[in-house]
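Colleague: The structure follows.
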Amino acid sequence: MFVVKYRKIFYSFTALLVAFSIFSVSYWGLNLGIDFKGGAIAEVEYQNRPAKSDVEASIKTLNFGEFSVRPTGDNAFIIRTRDLTNIERQQFITSIGVGSATTTASSTISGATLKRFDSVGPVLGQELAQKSTTAIIFVIIAIVLFITFAFRGVSEPVSSFKYGLVAVVALVHDVIVPTGIYAFLGRNGGFEVDALFVTAILVILGFSVHDTIVVFDRTRENLKHAPAKKPFYEIVGESISQTFARSINTSLTTVLALIALFVFGPEATRNFSLVMMIGIIVGTYSSIFLGSPLLVTIQKMKEKKGK
Amino acid sequence: MSKIRLFAVILLVLGVIIGYFVNASQHSGNGWMSKYPFKLGLDLNGGSHLVYQAEVSSSTTDVDGAMQSLRDVIEKRINAFGVSEPIVQTETAKIAGGESIHKLIVEIPGVTDPKEAIALIGQTPQLEFRIEKSNPEKIDAKLLASTTLSTTTLAGMLNARYEQATLTGRYLQKATILFDQKSGKPQIGLEFNSEGADIFAKLTGENIGKVIGIFLDGTPISLPVVNDAIKDGKAVITGSFTVEEARSLARNLNYGALPVKVDLIGTQSIGASLGANALNASVLAGEWGFLIVAIFLILWYRLPGVVAVVSLGIYTVLMLAIFKLLPVVLTSAGLAGLILSIGMAVDGNILIFERMREELQKGVTLSVGIREGFSRAWLSIRDSNLSSIITALILYTLATSALVKGFALVFLIGVLVSMFTAITVSRTLLLAIGGKTYAGITKFLFGNGLKK
C-alpha cells in the first residue's frame, strides 16, 4: 500500500504541518476569550442603533480601562470590557442606554435591550485553565492505558505498549494542528479560545483514537491470520487499505453533520463546529498517514537493532 | 428467517411508537405525556446564571456544612419569589497553586435581567457573633468620631477588639420582631436551633462579664454584656431600629442569614429572544445534518444505506426520548453534541457494511456475509467507542460550565445508544431484508460506491 511505502513523504508533510502550527501558536499566540482571562461581554440591541463613537464616548466616562465595541447584525453591538462588579455593571448598562436613556455631551443613547451579558471573574478563568489542563492530561493517559490494555494480546513484532505510544503521537499531532490553525484564525478573524474550544479538542482526541484503533484493530486481526513469513509492513499496509473506505466515510458523515451545524446552527457553537471539522479531518489524516506507518518504522528500528 | 422478520417489524413499530411519544408529548396540552417536555437550558430559554464565591475563612472547620446551609438559604430565598425551577448548587474547585475555591452556582430561568436576578438573591445579611478579647484594645474615640473614617480602618479597629465566635447565622432557627416592654422600641428576637443553643450556652457560660457583639454584615448592631449563661438558645438584638427596619431585618434573617460571605464572581444572562433563535438554529442544523448524512448513505451504500438511515432515525428518536425521560437539560452545546453524534453514529453501520462487503466478495451467501460482517466489526466498534466513552466521562467530571457538561452528557448517551442501534436495529433489518443469494439485483443493492 502506497501509504506505508511512501511514509517518509507523509512524515515530511506532517512535520511541516506541525511546524506551521507550533509557529502559529508561538508567534500569534492564542486569542483567549473571557472564559479564560476574565472579563465581561455584552450584546445590546437598539431600536435605532446609535453611532459606535457615541457609545464609546459614553462608556469612556466610566473609566473602566480598555474596552471594545463591535457592531453585530443590523442593530446591535457586542461590547467587551474587563470583568465588572455588581455596581459597575449597573453603571455600564445604564451608560449604553439599557433601561433609561443616557445623555452625553454629544448624543443621547436610548432604546437598548440587553440580549446577553456574561461576566467572568479571574478566579473562574484560573479554574477553567486548571481543569482543562487536567482533563487533557487525563484523557491522554487514559487512552494510552486503554490501548495498551486492548492490545495486550499483541506482542510480536511490536508490543502493545508501543501501539499506545504511537496513538499518543497521533493524538499530540491532532491537538497541535487544530490549535495552530485556530491561533492563525484568532489572529486574523477574531476567533477566541473558550471552554467549548477545549471541549472540541477533547472530542477530537476521542475521535482520533477511535479512528486509529480501527486501523490497529485490523492490523491485530490480520497478524493473527497472516503466514509467518509475511513482512510486517505488508500487513500494516493491507490493514490501512482495508479500513481506508471506512475511515474516509465515517469522517465524511461526521463532517457533513458538522457543516450543517456550522451553516445553520446557533452562533454559540459556530466556532466549536469549525474546530471539530478541522480536528476530524486532521485526525483521519493522522490515523491513516501517521499512526500505522509509525508502527512500521518502530518495527524496522527494532529489526535493525536486532541485527 | 421469519423470526428475524417478525423481530424487525417489532423494532420498526417500537421506533414509530417512540417517535410518536417524542412528538405528542411536545404538542399535547394535557395527559400524562405532557409531563415530559424537553428541558431547555438557560442559553436556549433565556435566564440568568450567577456564580458566587464563598469566603470560607481558614477558621471554618465544617466547610461542607457551611456550604450546604448556604445553598439551603439561597434556595429558600429564591423559592420565596416563586421562580420556576431554579437551580442552586455548590461546587469546590482547585485553582492554580492548589488553593480551593468554594462556589455557589445559581441558575434562574426566565429572569433575563442580571440586576433583577441579583436582587432576587437579595441583600445578604450575614449574622455573626463576636466575643470581646481578653485584653481588648481601647477604641480610639477620636478616630471613631472623625468623618473620614474608612470602612477598612473601622474593620481593623473592630478586629483588634473582638474575635470571631463559632456561632453564626447558620444556627439560626427563627427571627421575630419584639417590642421592648418598657420603652416600646422594636427589637429582634433570635432563636437558635438545638445545636446553636448548645454553642450559645457554652459561649455565654465561658464569657460572663464580657461583651458578646452581634454583628450584621461586619457592623456591630448590638453589644450586650453577658450576665449569665443563656441555656434556652434565645437572644435579643436591641438597637436603634425603626419598626420598618426591624421588620425587614427579621424577614431577611428568616429567609436565612448567610452563614458565610459571598462575592459575585461571574454572571451570565441570556435574553429570551436570543435563546429562541439559538434553539431554532439548532433544530434547523439538526434537520439538515440528518438529511445530508441520509442522502450520502443512500447514494453510497444503496440498500444497506437505507437500512442505516432507518437505524439512524430510530437512534435519533431514542435519543430525544431519553432527553425527555431522564431528563437531560438541553443547551446549544448539547444539541451540537447530538448533531455531531448523528454523524458519528453512522460509524458503526459503516464498519459493518464495509466488513460485510468483504465477506460477500469471498463468495459466501448473503445471510452468512451479513452475520460475519457484524461479528467481525463488533470488536472494532466496541474498542473505538470505549475511547469516546472515556473522553466523555472525563469531560463530564471536569466540566466547569453547564454548556460543557451538557455536551459531555449528550455525547456519552449518544455513544452508548449508537452502539445499541448499530448492533440491534441495523443487524436485524439487514437480515430481515436479505435474501439467500448474492447476485443480480441483490448484488447491486448490497454493493456500494461507484461500482456496479
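Letters A, B, ... go to the chains of the C-alpha cells in the order shown; residues in each chain start at 1; ligands are counted from 1 in the same order.
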Within 6 Å of chain B, which residues of chain A show up when using only C-alpha atoms, listed as a VMD selection string?

Modeller: chain A and resid 115 to 121 126 to 127 130 139 206 210 213 to 214 250 253 to 254 257 260 to 261 264 to 266

Colleague: Using N, CA and C atoms, can you export the residues from the last selection as a tab-separated table (two decimals), in the first residue's frame?

Modeller:
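Contents of out-v1.tsv, as written:
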```
chain	number	residue	atom	x	y	z
A	115	LYS	N	-29.32	41.80	25.39
A	115	LYS	CA	-29.69	40.45	24.95
A	115	LYS	C	-28.88	39.40	25.68
A	116	ARG	N	-27.68	39.79	26.05
A	116	ARG	CA	-26.79	38.79	26.66
A	116	ARG	C	-25.78	39.54	27.47
A	117	PHE	N	-25.48	39.06	28.63
A	117	PHE	CA	-24.41	39.67	29.41
A	117	PHE	C	-23.64	38.57	30.13
A	118	ASP	N	-22.36	38.47	29.87
A	118	ASP	CA	-21.52	37.49	30.55
A	118	ASP	C	-20.42	38.23	31.26
A	119	SER	N	-20.21	37.89	32.50
A	119	SER	CA	-19.07	38.46	33.20
A	119	SER	C	-18.36	37.32	33.91
A	120	VAL	N	-17.06	37.22	33.70
A	120	VAL	CA	-16.30	36.13	34.30
A	120	VAL	C	-15.17	36.72	35.11
A	121	GLY	N	-15.15	36.40	36.38
A	121	GLY	CA	-14.07	36.88	37.24
A	121	GLY	C	-12.81	36.07	36.99
A	126	GLN	N	-9.07	30.99	36.05
A	126	GLN	CA	-8.00	30.12	36.54
A	126	GLN	C	-8.49	28.70	36.73
A	127	GLU	N	-9.71	28.59	37.23
A	127	GLU	CA	-10.27	27.27	37.47
A	127	GLU	C	-10.42	26.51	36.14
A	130	GLN	N	-7.06	25.39	34.85
A	130	GLN	CA	-6.60	24.24	35.63
A	130	GLN	C	-7.31	22.96	35.21
A	139	VAL	N	-7.21	12.49	29.75
A	139	VAL	CA	-7.70	11.81	28.55
A	139	VAL	C	-6.54	11.08	27.87
A	206	GLY	N	-10.76	11.97	21.39
A	206	GLY	CA	-11.53	10.74	21.41
A	206	GLY	C	-11.74	10.19	20.01
A	210	HIS	N	-10.32	6.74	18.29
A	210	HIS	CA	-11.37	5.92	17.72
A	210	HIS	C	-10.94	5.44	16.32
A	213	ILE	N	-7.69	3.34	16.42
A	213	ILE	CA	-7.95	1.99	16.94
A	213	ILE	C	-8.52	1.08	15.85
A	214	VAL	N	-9.38	1.62	15.01
A	214	VAL	CA	-9.98	0.79	13.97
A	214	VAL	C	-8.90	0.22	13.05
A	250	THR	N	-16.64	7.54	7.47
A	250	THR	CA	-17.09	7.96	8.81
A	250	THR	C	-16.79	9.43	9.03
A	253	THR	N	-19.25	11.57	6.96
A	253	THR	CA	-20.59	11.78	7.52
A	253	THR	C	-20.53	12.74	8.71
A	254	THR	N	-19.47	12.58	9.54
A	254	THR	CA	-19.36	13.49	10.69
A	254	THR	C	-19.15	14.92	10.23
A	257	ALA	N	-22.37	16.42	8.97
A	257	ALA	CA	-23.24	16.86	10.07
A	257	ALA	C	-22.72	18.18	10.65
A	260	ALA	N	-23.55	21.18	8.52
A	260	ALA	CA	-24.92	21.63	8.79
A	260	ALA	C	-24.95	22.49	10.05
A	261	LEU	N	-24.21	22.05	11.07
A	261	LEU	CA	-24.18	22.80	12.33
A	261	LEU	C	-23.52	24.16	12.14
A	264	PHE	N	-26.12	26.28	9.65
A	264	PHE	CA	-27.46	26.60	10.16
A	264	PHE	C	-27.50	26.80	11.66
A	265	GLY	N	-26.51	26.27	12.36
A	265	GLY	CA	-26.56	26.24	13.82
A	265	GLY	C	-26.41	27.60	14.47
A	266	PRO	N	-26.59	27.65	15.79
A	266	PRO	CA	-26.52	28.92	16.51
A	266	PRO	C	-25.09	29.45	16.57
```

Colleague: Write down as JSON, numbers by chain the residues belonging to stretch 47-176 of chain A that are assigned strand (DSSP E) by DSSP computed on the backbone.

Modeller: {"A": [68, 69, 70, 71, 72, 76, 77, 78, 79, 80, 81, 102, 103, 108, 109, 112, 113, 114, 115, 116, 117, 118, 119, 120]}

Colleague: Neighbours of A:Phe77 within 9 Å (only C-alpha atoms; same-chain residues fewer than 6 positions away dropped), as a PyMOL selection string?

Modeller: chain A and resi 42-46+49+52+69-71

Colleague: Could you work out how far atom CA of B:Pro86 lies from atom CA of B:Val106, giving the answer in Å with one decimal?

Modeller: 7.3 Å

Colleague: Report the distance between atom CA of A:Gly65 and atom CA of A:Leu114 in Å, rounded to one decimal place.

Modeller: 21.3 Å

Colleague: Which is closer to B:Met356 than all the others in B:Arg5, B:Arg427, B:Lys182, B:Arg71, using only C-alpha atoms?

Modeller: B:Arg427

Colleague: Using atom CA of B:Leu172 and atom CA of B:Thr242 as the two end points, give the distance in Å to one decimal.

Modeller: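 Distance reported for this atom pair: 22.4 Å.
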
Colleague: Kindly indicate which residue among A:Gly164, A:Pro157, A:Gly190, A:Gly39 lies nearest to A:Ile235, using only C-alpha atoms for the distances.

Modeller: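 Between A:Gly164, A:Pro157, A:Gly190, A:Gly39, the residue approaching A:Ile235 most closely is A:Pro157.
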